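A.B. asks: The structure that follows is given in the form of structure tokens.
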Amino acid sequence: MSLLNYWPIADEINKCIKHEAEGANDAVLLAVHRPSPLSYRLYSSTEKIPTNEEELFDYLMSEDVAEGVHIVPITGASGAGKSHMVRILNARLQSLNGDSKFVVIRIPKSASLRSVIELILEQLEGDEYAQVKADFASALTEDLDIESMVTKFQAELDIALQHLSTELKAKFQADRANTILWAQAGHADQLRYFFGDPVLVDHFRTNVFKRFVQRAIAGQHEIERESFVEDFVPNDLLLPEDIKIAQAADRTRHYYITQLLADGNRHDVTRLLNEKKIGDRAIRQLFKLHQSLGGMTLHEVILKIREQLLVQDKELVIFVEDFKALIGIQDTLLKILIQEGERENVQQYATLRSVIAVTDAYLATEDTFGTRAKREWRVESELSTDNEVLDRTKALVAAYLNAARWGFKELVRHFETKGNTGDGQGTWIQPYFDQEDDDDTVLKAFGSVDGIPLFPFTERAIEQLARTALIRNDKLLFTPRFIIDHILRDLLLKGRPAFEQGQFPPTSINMPNTNMEIAKWLNQYNGATKERYQRVVGIWGNAPQTVAEVGYIPKEVFDAFKLDRPNIEFIIIENPTDVDETQPAPPPPPTRTDDASLIEALEKWVQGQLMSQMVAGQIRKSVAAALNDRIDWNTERCAKISKIQLTSISIPNALGQGTIDKTPIQVADDHTDPSGQIRSELAAVTRLYELNNGKIAYAEADDDMVWVGSLADRLMPQALSIIRAEMQQKLSGALRLLQTNSQILGLVARGNTPASLAPFLFESVENLPNLPPDCNQAFADWYALKDSALRVRPELIQKVVSFCGSFQGDSTKTPYAIDMIRLTNLRQSENESINPRELGFTPELVILLQNQLREKTAEMKAKNALNAANAIRTTLEAEWGESFNKQVIVDEFEALADQLGECGAWNEQQIGIGKQAFKNRCKDFGKVAVHEALDTLSSAVNDGDVQLLSRMGRLNVNPLIVANNFLEKARLVIRVASRHASMLETQFNNVNPAAEAAEIQDVLQNLSCELDSYAVKGEAS
């Protein structure tokens, strides 16, 4: 037997498994129909009462039709089958309408405005109404120019909004406490200007208004765009980026920015437009459906038809598959459906029955309609249990499979022969079987529902696909449209070509995520084969949780899909829906209690659930620890001080991502993990580091170490990139601080080679000489700065070395190698400044580095010291000349001091010190290297000197201070000597030295003569 005979071809799939119920032939509709879950509620009550199709049909056909009008509204969620139910009721009524008692008008979901009018006018009998039909046809001709109609639609929309504003303002005047009415009236006013603004009008005509006009003219089916069935939606009011709202009128711009940019406001505005049927009003005015055409309005046409049917003793039945789609005649049709047939107990019009599919909230906005309807019938999608949803889904899948296997022509033939049973069920069509079957073992392995083979599905496959397609807000909903689109059509259309080529299932079929155990088990396969096994196991195995549960997939499924049977124990069960009671799978290995919650969290994470903050934090911390343990810090040539932090670990689809670093380590690209590797690695690393504190003294440690190693190898390139970038940044900042320190202390980089750079950065600096207590303040500040630099230098060197050195063990004290090449290359690049706090310094040192030792502060103090030194140099050169002889100056001043002392002229009070103290200063001045200091000073330039710090660092200011102090006292000595000389000059003024000498000589001669005479006399006596 060929299984391909049970796989419908694409043409029959498209004919028999249609997206919308309204597109199916009655034969197909009844062949696939299965009883829908129904309920009803009285209009005056909120209680839902379970019911069935028989009760619904009986209610429709009830003889108790008060006032000659009977309305049956059918509501339900989108895709629940409202239109399908309308079609079923129509088909059942037609099967009982052999005597043509009921005149039926069925308005399909895809009907255009023109086709709706034509369907109604068909029932108007008599040549006298020919002009009426012609005028209506002319108003709705298909040759209308769309662009001009859109422009006219906008004009009618403007009028409708103006009328709405007037209505709302009138209501507000009667109820001034209702501020909502006033706000709505304001929106109606503002929208007129908003839609008509010259800057915006082309956008609205092209992207919004056009779809209303096209829907009215063409109908939904012909334009093949379901979006055209939509009324106004919030995004209609959101302008695209290429619209220059700034160029719009002030009123328009203000309304858009203050009102429409808020999502909530846009929803309120579109709800107002739709509830007040503004689009419907504009279309009705556009096509003049409110006016008399040929002497009659559309409402009058219906009444005339009912008059004629009353005479013929017939009833009118109108089936509306989607009231929402009937833009332009919604209001008119509503009035038609509630028009009574009796007045004062006299029947004037034939009984009108109507079945109308409306949205859930429609009855709440139309009190008159709801009151006349009395009951709201609802097609349920939210059923009492998930099992009921799954059972109904399986039955519907089987019915559609059977219909497509028979094919459209055969269904029609069977229906015409024996399908007119009137019960709405597909009992007239039997399950399809290939007459050439001789061995149906494989076919039976796929299972059946109501005798219909499920191939290529199984019950477990349908359950899995349903859990993917029918989940909304974590609730399994019975939604026939989604079953048709996402279970039947997707798999059948995409799968048949692959099945024919022996490559089913193809990768185009979405598969559920597999848990960690299954994903690891699937790793035995490779490439395309693995992809196929993943889909078979995930879908046909109904997302098994253990390898043992894979055995629930019938082995024949693998045979049918041309896949080798896996090496597992297959479990044969009689009833696949009751696995536990027949032959339970071997119990899975017990989950460790300590990591059960972790495993569960990872599985839910893969399924799309957001990972909790607690679990994500544990994983991030564990991953960071594993990476830090495996980084070879010596290879990285840095100390183990800058570790990977948990904020560096990014986990997709997890809480806490907002605090993660900008360039994190990505654990995975997304949360899907089709191979199970990510879950295995994350579970292992968390068990090892979080649950066992990094100790390997637990049973699964060996396996976990393998997975942790795999994780570390995979993430290490990212980790090293972060470490290296961080080290580079910190080294750059620390190097800049150390360079400034070296310059302050007078060290010079004599080149950019590793050999020349090492002394500049790491050379020891001798203690600084003490300055005289009375030295210039600029010198005192500069030397205080140098003293601070000298004190912090060891810590700066250690910090730089920690970022570029190799160490023994965990010690960071003594490096046995320094990467000078890294330092050289980094120094040649632009070094970035960094907050010293980020380098791990103590708070006291951070304050010192940020304030006193900051490069700008150091430069300022260096310039102040330079200015003070230059002032001394200027004074010295002005006093003694540029090339003064220090020893000559010393000798002269010592001699002068002696002369002043000998003549008693040394004035200690004026000079400030004694003669000997001054002579000591002369000796001190003679000893200091004044010229060397001046030479160093001459190379320093105040502005623009990049070597200013180094030059000033090398400058010994003590000789300058000594020289300056000596000069100050020397000047006082000179002043005292000058005064003494002046005094002597004054004392000996007008004195002739020669005469005085001659006179003295005469006196001396006379004294000599007298002495001689005294001597002679003495001898004589």
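Chain identifiers are assigned as A, B, and so on, following the order in which chains appear in the structure tokens; residues are numbered from 1 within each chain, and ligands are numbered from 1 in order of appearance.
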According to DSSP computed on the backbone, where in stretch 261-424 of chain A is there helix (DSSP H, G or I)? Give the residues as a ChimeraX atom specification.
C.D. replies: /A:263-275,278-286,298-311,323-325,330-337,362-365,367-373,386-406,408-419
A.B. asks: If you count only C-alpha atoms, which residues fall within 8 Å of A:Tyr40, apart from same-chain ones fewer than 6 positions away, as an MDAnalysis selection string?
C.D. replies: chainID A and resid 48:51 375:378
A.B. asks: So, counting only C-alpha atoms, which residue among A:Met296, A:Leu260, A:Leu853, A:Ala895 is closest to A:Pro836?
C.D. replies: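 For A:Pro836, the nearest of the given residues is A:Leu853.
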A.B. asks: Name the closest residue to A:Val397 among the candidates A:Glu167, A:Glu344, A:Glu766, A:Glu459; distances are taken between atoms, counting only C-alpha atoms.
C.D. replies: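 So, comparing all the options, the nearest one is A:Glu459.
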A.B. asks: Any idea what's packed within 10 Å of stretch 147-158 of chain A, counting only C-alpha atoms, ignoring anything in its chain fewer than 2 positions away? Could you give it as a PyMOL selection string?
C.D. replies: chain A and resi 144-145+160-164+188-189+191-193+195-196+201-202+204-206+208-214+278-287
A.B. asks: What would the file look like if the residues just selected were written as a tab-separated table (two decimals), in the first residue's frame with C-alpha atoms?
C.D. replies:
chain	number	residue	atom	x	y	z
A	144	LEU	CA	-15.69	53.67	-10.35
A	145	ASP	CA	-12.40	55.54	-10.12
A	160	ALA	CA	-19.79	62.50	9.50
A	161	LEU	CA	-17.28	63.75	12.08
A	162	GLN	CA	-18.96	67.15	12.12
A	163	HIS	CA	-22.34	65.55	12.78
A	164	LEU	CA	-20.80	63.34	15.46
A	188	ALA	CA	-14.39	64.51	16.56
A	189	ASP	CA	-13.58	68.19	15.95
A	191	LEU	CA	-9.91	64.65	13.64
A	192	ARG	CA	-11.53	66.69	10.88
A	193	TYR	CA	-8.51	69.00	10.76
A	195	PHE	CA	-7.30	64.03	8.46
A	196	GLY	CA	-7.51	67.07	6.19
A	201	VAL	CA	-3.90	64.18	3.66
A	202	ASP	CA	-2.05	62.16	0.99
A	204	PHE	CA	-4.44	59.08	4.89
A	205	ARG	CA	-5.92	58.80	1.41
A	206	THR	CA	-3.32	56.23	0.36
A	208	VAL	CA	-6.20	54.46	5.43
A	209	PHE	CA	-9.21	55.75	3.51
A	210	LYS	CA	-8.49	53.71	0.40
A	211	ARG	CA	-9.07	50.40	2.18
A	212	PHE	CA	-12.60	51.43	3.20
A	213	VAL	CA	-13.50	52.26	-0.38
A	214	GLN	CA	-11.85	49.14	-1.81
A	278	ILE	CA	-18.17	56.77	11.17
A	279	GLY	CA	-16.72	54.74	8.31
A	280	ASP	CA	-20.12	53.18	7.65
A	281	ARG	CA	-21.76	56.63	7.60
A	282	ALA	CA	-19.22	57.96	5.13
A	283	ILE	CA	-19.57	54.97	2.76
A	284	ARG	CA	-23.36	55.18	2.94
A	285	GLN	CA	-23.23	58.85	2.01
A	286	LEU	CA	-20.60	58.19	-0.65
A	287	PHE	CA	-22.80	55.69	-2.51
A.B. asks: Give me, as JSON, numbers by chain, all polymer residues having an atom no more than 10 Å from stretch 902-916 of chain A, counting only C-alpha atoms and skipping those fewer than 5 positions away in the same chain.
C.D. replies: {"A": [894, 896, 897, 921, 922, 968, 969, 970, 971, 972, 973, 974, 975, 976, 977, 979, 980, 981]}
A.B. asks: Would you output that residue set with all heavy atoms, as a short mmCIF file (atom, residue, chain, number, x, y, z; two decimals), in the first residue's frame?
C.D. replies:
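The result, stored in out-v6.cif:
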data_model
loop_
_atom_site.label_atom_id
_atom_site.label_comp_id
_atom_site.auth_asym_id
_atom_site.auth_seq_id
_atom_site.Cartn_x
_atom_site.Cartn_y
_atom_site.Cartn_z
N GLU A 894 84.30 88.33 51.14
CA GLU A 894 84.96 87.95 52.38
C GLU A 894 85.97 89.03 52.80
O GLU A 894 86.06 89.38 53.98
CB GLU A 894 85.67 86.61 52.20
CG GLU A 894 84.74 85.41 52.21
CD GLU A 894 85.47 84.08 52.14
OE1 GLU A 894 86.63 84.09 51.67
OE2 GLU A 894 84.89 83.05 52.55
N LEU A 896 85.89 92.20 51.96
CA LEU A 896 85.14 93.39 52.38
C LEU A 896 84.65 93.22 53.81
O LEU A 896 84.69 94.17 54.60
CB LEU A 896 83.96 93.60 51.42
CG LEU A 896 83.07 94.80 51.74
CD1 LEU A 896 83.86 96.12 51.73
CD2 LEU A 896 81.90 94.86 50.74
N ALA A 897 84.19 91.99 54.10
CA ALA A 897 83.69 91.74 55.46
C ALA A 897 84.83 91.94 56.46
O ALA A 897 84.63 92.53 57.54
CB ALA A 897 83.11 90.33 55.55
N ARG A 921 77.99 82.28 54.95
CA ARG A 921 77.11 82.30 53.77
C ARG A 921 77.93 82.41 52.50
O ARG A 921 77.56 81.85 51.46
CB ARG A 921 76.11 83.45 53.85
CG ARG A 921 75.06 83.23 54.93
CD ARG A 921 73.82 84.03 54.67
NE ARG A 921 72.77 83.75 55.64
CZ ARG A 921 71.52 84.15 55.55
NH1 ARG A 921 71.17 84.87 54.48
NH2 ARG A 921 70.63 83.86 56.48
N CYS A 922 79.02 83.13 52.58
CA CYS A 922 79.89 83.21 51.42
C CYS A 922 80.43 81.84 51.08
O CYS A 922 80.46 81.45 49.89
CB CYS A 922 81.05 84.19 51.70
SG CYS A 922 80.55 85.91 51.80
N GLU A 968 70.95 88.68 48.89
CA GLU A 968 70.22 89.63 49.74
C GLU A 968 71.15 90.18 50.83
O GLU A 968 71.16 91.40 51.10
CB GLU A 968 69.01 88.92 50.37
CG GLU A 968 67.90 88.61 49.38
CD GLU A 968 66.76 87.85 50.03
OE1 GLU A 968 66.88 87.52 51.23
OE2 GLU A 968 65.75 87.59 49.35
N LYS A 969 71.97 89.35 51.48
CA LYS A 969 72.87 89.82 52.53
C LYS A 969 74.05 90.59 51.95
O LYS A 969 74.54 91.56 52.55
CB LYS A 969 73.39 88.62 53.35
CG LYS A 969 72.30 87.90 54.13
CD LYS A 969 71.58 88.85 55.09
CE LYS A 969 70.50 88.13 55.87
NZ LYS A 969 69.74 89.08 56.73
N ALA A 970 74.50 90.14 50.76
CA ALA A 970 75.61 90.84 50.12
C ALA A 970 75.23 92.27 49.82
O ALA A 970 76.03 93.20 49.96
CB ALA A 970 76.03 90.11 48.85
N ARG A 971 73.99 92.45 49.38
CA ARG A 971 73.52 93.80 49.11
C ARG A 971 73.52 94.64 50.39
O ARG A 971 73.88 95.83 50.37
CB ARG A 971 72.11 93.75 48.52
CG ARG A 971 72.08 93.33 47.05
CD ARG A 971 70.64 93.19 46.56
NE ARG A 971 70.57 92.98 45.13
CZ ARG A 971 69.47 92.70 44.48
NH1 ARG A 971 68.32 92.58 45.17
NH2 ARG A 971 69.48 92.53 43.18
N LEU A 972 73.16 94.04 51.51
CA LEU A 972 73.18 94.78 52.77
C LEU A 972 74.60 95.12 53.18
O LEU A 972 74.87 96.22 53.71
CB LEU A 972 72.50 93.93 53.85
CG LEU A 972 70.99 93.68 53.67
CD1 LEU A 972 70.47 92.74 54.75
CD2 LEU A 972 70.22 95.01 53.71
N VAL A 973 75.53 94.18 52.95
CA VAL A 973 76.94 94.44 53.28
C VAL A 973 77.46 95.60 52.45
O VAL A 973 78.15 96.50 52.95
CB VAL A 973 77.78 93.17 53.06
CG1 VAL A 973 79.27 93.48 53.13
CG2 VAL A 973 77.40 92.11 54.08
N ILE A 974 77.11 95.56 51.15
CA ILE A 974 77.56 96.65 50.27
C ILE A 974 76.98 97.97 50.74
O ILE A 974 77.65 99.03 50.73
CB ILE A 974 77.16 96.35 48.83
CG1 ILE A 974 77.97 95.16 48.30
CG2 ILE A 974 77.33 97.56 47.93
CD1 ILE A 974 77.54 94.70 46.93
N ARG A 975 75.71 97.92 51.17
CA ARG A 975 75.06 99.14 51.62
C ARG A 975 75.79 99.68 52.87
O ARG A 975 76.04 100.88 52.98
CB ARG A 975 73.59 98.85 51.91
CG ARG A 975 72.79 100.11 52.26
CD ARG A 975 71.33 99.75 52.49
NE ARG A 975 70.82 99.06 51.31
CZ ARG A 975 69.71 98.34 51.33
NH1 ARG A 975 69.05 98.16 52.46
NH2 ARG A 975 69.30 97.76 50.22
N VAL A 976 76.15 98.81 53.82
CA VAL A 976 76.85 99.24 55.04
C VAL A 976 78.24 99.78 54.69
O VAL A 976 78.68 100.82 55.22
CB VAL A 976 76.96 98.06 56.03
CG1 VAL A 976 77.94 98.38 57.16
CG2 VAL A 976 75.57 97.74 56.58
N ALA A 977 78.95 99.10 53.79
CA ALA A 977 80.28 99.55 53.39
C ALA A 977 80.21 100.90 52.72
O ALA A 977 81.07 101.78 52.94
CB ALA A 977 80.91 98.51 52.46
N ARG A 979 77.94 103.18 53.16
CA ARG A 979 77.66 104.21 54.16
C ARG A 979 78.93 104.55 54.97
O ARG A 979 79.19 105.70 55.29
CB ARG A 979 76.55 103.73 55.10
CG ARG A 979 75.17 103.71 54.43
CD ARG A 979 74.12 103.14 55.38
NE ARG A 979 72.80 103.10 54.76
CZ ARG A 979 71.74 102.54 55.31
NH1 ARG A 979 71.86 101.97 56.51
NH2 ARG A 979 70.60 102.56 54.68
N HIS A 980 79.72 103.53 55.33
CA HIS A 980 80.95 103.76 56.08
C HIS A 980 81.93 104.58 55.25
O HIS A 980 82.58 105.51 55.76
CB HIS A 980 81.58 102.43 56.47
CG HIS A 980 82.85 102.58 57.26
ND1 HIS A 980 82.90 103.10 58.56
CD2 HIS A 980 84.15 102.28 56.93
CE1 HIS A 980 84.13 103.12 58.97
NE2 HIS A 980 84.94 102.63 58.00
N ALA A 981 82.04 104.30 54.01
CA ALA A 981 82.94 105.04 53.13
C ALA A 981 82.51 106.48 53.02
O ALA A 981 83.32 107.41 53.03
CB ALA A 981 82.96 104.37 51.75
#
A.B. asks: May I ask which of the residues A:Pro512, A:Val72, A:Arg630, A:Thr740 is the closest one to A:Ser710, counting only C-alpha atoms?
C.D. replies: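 Selected residue with least distance to A:Ser710: A:Arg630.
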A.B. asks: Excluding A:Phe499 and residues on its chain fewer than 6 positions from it, collect all residues at most 9 Å away from it, counting only C-alpha atoms, and give them as a list in words.
C.D. replies: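 Residues near the query, excluding close chain neighbours: Leu4, Pro505, Pro506, Ala560, Phe561 and Lys562 of chain A.
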A.B. asks: Can you spit out the residues from that selection as an mmCIF file, in the first residue's frame, using N, CA and C atoms?
C.D. replies:
data_model
loop_
_atom_site.group_PDB
_atom_site.id
_atom_site.type_symbol
_atom_site.label_atom_id
_atom_site.label_comp_id
_atom_site.auth_asym_id
_atom_site.auth_seq_id
_atom_site.Cartn_x
_atom_site.Cartn_y
_atom_site.Cartn_z
ATOM 1 N N LEU A 4 1.168 7.543 0.385
ATOM 2 C CA LEU A 4 0.990 8.809 -0.317
ATOM 3 C C LEU A 4 -0.463 9.004 -0.741
ATOM 4 N N PRO A 505 10.242 14.907 8.155
ATOM 5 C CA PRO A 505 9.657 16.248 8.021
ATOM 6 C C PRO A 505 10.716 17.285 7.621
ATOM 7 N N PRO A 506 10.347 18.266 6.806
ATOM 8 C CA PRO A 506 11.317 19.283 6.371
ATOM 9 C C PRO A 506 11.552 20.325 7.460
ATOM 10 N N ALA A 560 7.772 5.002 8.159
ATOM 11 C CA ALA A 560 7.018 5.760 7.162
ATOM 12 C C ALA A 560 7.770 6.996 6.711
ATOM 13 N N PHE A 561 8.515 7.614 7.626
ATOM 14 C CA PHE A 561 9.234 8.846 7.306
ATOM 15 C C PHE A 561 10.667 8.579 6.847
ATOM 16 N N LYS A 562 10.975 7.317 6.554
ATOM 17 C CA LYS A 562 12.281 6.917 6.009
ATOM 18 C C LYS A 562 13.427 7.298 6.952
#
A.B. asks: Extract, using only C-alpha atoms, all DNA, RNA and protein residues at most 10 Å from A:Phe194, discarding same-chain residues fewer than 5 positions from it, and format them as a ChimeraX atom specification.
C.D. replies: /A:187-189,199-201,204,237,248-249,251-253,255-256
A.B. asks: Write the residues you've just listed into a file as a PDB file, in the first residue's frame, and include C-alpha atoms for each of them.
C.D. replies:
ATOM      1  CA  HIS A 187     -11.690  64.356  19.261  1.00  0.00           C
ATOM      2  CA  ALA A 188     -14.388  64.509  16.564  1.00  0.00           C
ATOM      3  CA  ASP A 189     -13.584  68.187  15.950  1.00  0.00           C
ATOM      4  CA  VAL A 199       0.831  67.722   4.996  1.00  0.00           C
ATOM      5  CA  LEU A 200      -0.999  64.546   6.072  1.00  0.00           C
ATOM      6  CA  VAL A 201      -3.902  64.181   3.659  1.00  0.00           C
ATOM      7  CA  PHE A 204      -4.437  59.080   4.890  1.00  0.00           C
ATOM      8  CA  LEU A 237      -3.497  57.436  13.638  1.00  0.00           C
ATOM      9  CA  ALA A 248       1.793  70.647   9.622  1.00  0.00           C
ATOM     10  CA  ALA A 249      -0.536  73.297  11.004  1.00  0.00           C
ATOM     11  CA  ARG A 251      -3.462  72.798  15.549  1.00  0.00           C
ATOM     12  CA  THR A 252      -2.657  69.491  13.853  1.00  0.00           C
ATOM     13  CA  ARG A 253       0.815  69.233  15.343  1.00  0.00           C
ATOM     14  CA  TYR A 255      -3.238  67.459  18.654  1.00  0.00           C
ATOM     15  CA  TYR A 256      -0.909  64.736  17.376  1.00  0.00           C
TER      16      TYR A 256
END
A.B. asks: In Å, with one decimal, what is the gap from atom CA of A:Leu955 to atom CA of A:Pro754?
C.D. replies: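 According to the coordinates, atom CA of A:Leu955 and atom CA of A:Pro754 are separated by 26.0 Å.
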A.B. asks: Go through A:Glu795, A:Glu53, A:Asp313, A:Glu67 and flag the residue nearest A:Gly341, using only C-alpha atoms for the distances.
C.D. replies: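 The closest residue to A:Gly341 is A:Glu67.
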A.B. asks: What gap, in Å, lies between atom CA of A:Asp64 and atom CA of A:Phe323?
C.D. replies: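 If I compute the distance from atom CA of A:Asp64 to atom CA of A:Phe323, I get 25.1 Å.
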A.B. asks: Tell me, as a ChimeraX atom specification, which residues lie within 7 Å of A:Pro73, counting only C-alpha atoms; anything in the same chain fewer than 2 positions away does not count.
C.D. replies: /A:71,75,355-358,373,376-377
A.B. asks: Please, could you write that set of residues out with N, CA, C and O atoms as a short mmCIF file (atom, residue, chain, number, x, y, z; two decimals), in the first residue's frame?
C.D. replies:
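As written to disk, again_36.cif reads:
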data_model
loop_
_atom_site.label_atom_id
_atom_site.label_comp_id
_atom_site.auth_asym_id
_atom_site.auth_seq_id
_atom_site.Cartn_x
_atom_site.Cartn_y
_atom_site.Cartn_z
N ILE A 71 -34.39 37.63 15.58
CA ILE A 71 -32.95 37.88 15.39
C ILE A 71 -32.15 36.87 16.20
O ILE A 71 -32.42 36.67 17.40
N THR A 75 -22.04 35.24 18.48
CA THR A 75 -20.79 35.91 18.83
C THR A 75 -19.71 34.87 19.11
O THR A 75 -19.96 33.67 19.14
N VAL A 355 -29.88 35.55 11.03
CA VAL A 355 -28.75 35.03 11.79
C VAL A 355 -27.55 35.91 11.43
O VAL A 355 -27.19 36.01 10.24
N ILE A 356 -26.93 36.51 12.42
CA ILE A 356 -25.90 37.50 12.14
C ILE A 356 -24.68 37.26 13.04
O ILE A 356 -24.82 37.15 14.26
N ALA A 357 -23.53 37.13 12.43
CA ALA A 357 -22.27 36.96 13.17
C ALA A 357 -21.71 38.34 13.51
O ALA A 357 -21.44 39.14 12.62
N VAL A 358 -21.60 38.60 14.80
CA VAL A 358 -21.12 39.91 15.26
C VAL A 358 -19.99 39.70 16.26
O VAL A 358 -19.81 38.62 16.81
N ALA A 373 -33.11 40.89 20.04
CA ALA A 373 -32.53 39.56 19.88
C ALA A 373 -32.91 38.63 21.02
O ALA A 373 -33.04 37.43 20.85
N GLU A 376 -28.21 35.96 23.21
CA GLU A 376 -26.91 36.01 22.51
C GLU A 376 -26.35 34.59 22.49
O GLU A 376 -26.12 33.99 23.54
N TRP A 377 -26.14 34.06 21.30
CA TRP A 377 -25.59 32.72 21.13
C TRP A 377 -24.09 32.86 20.87
O TRP A 377 -23.67 33.68 20.06
#
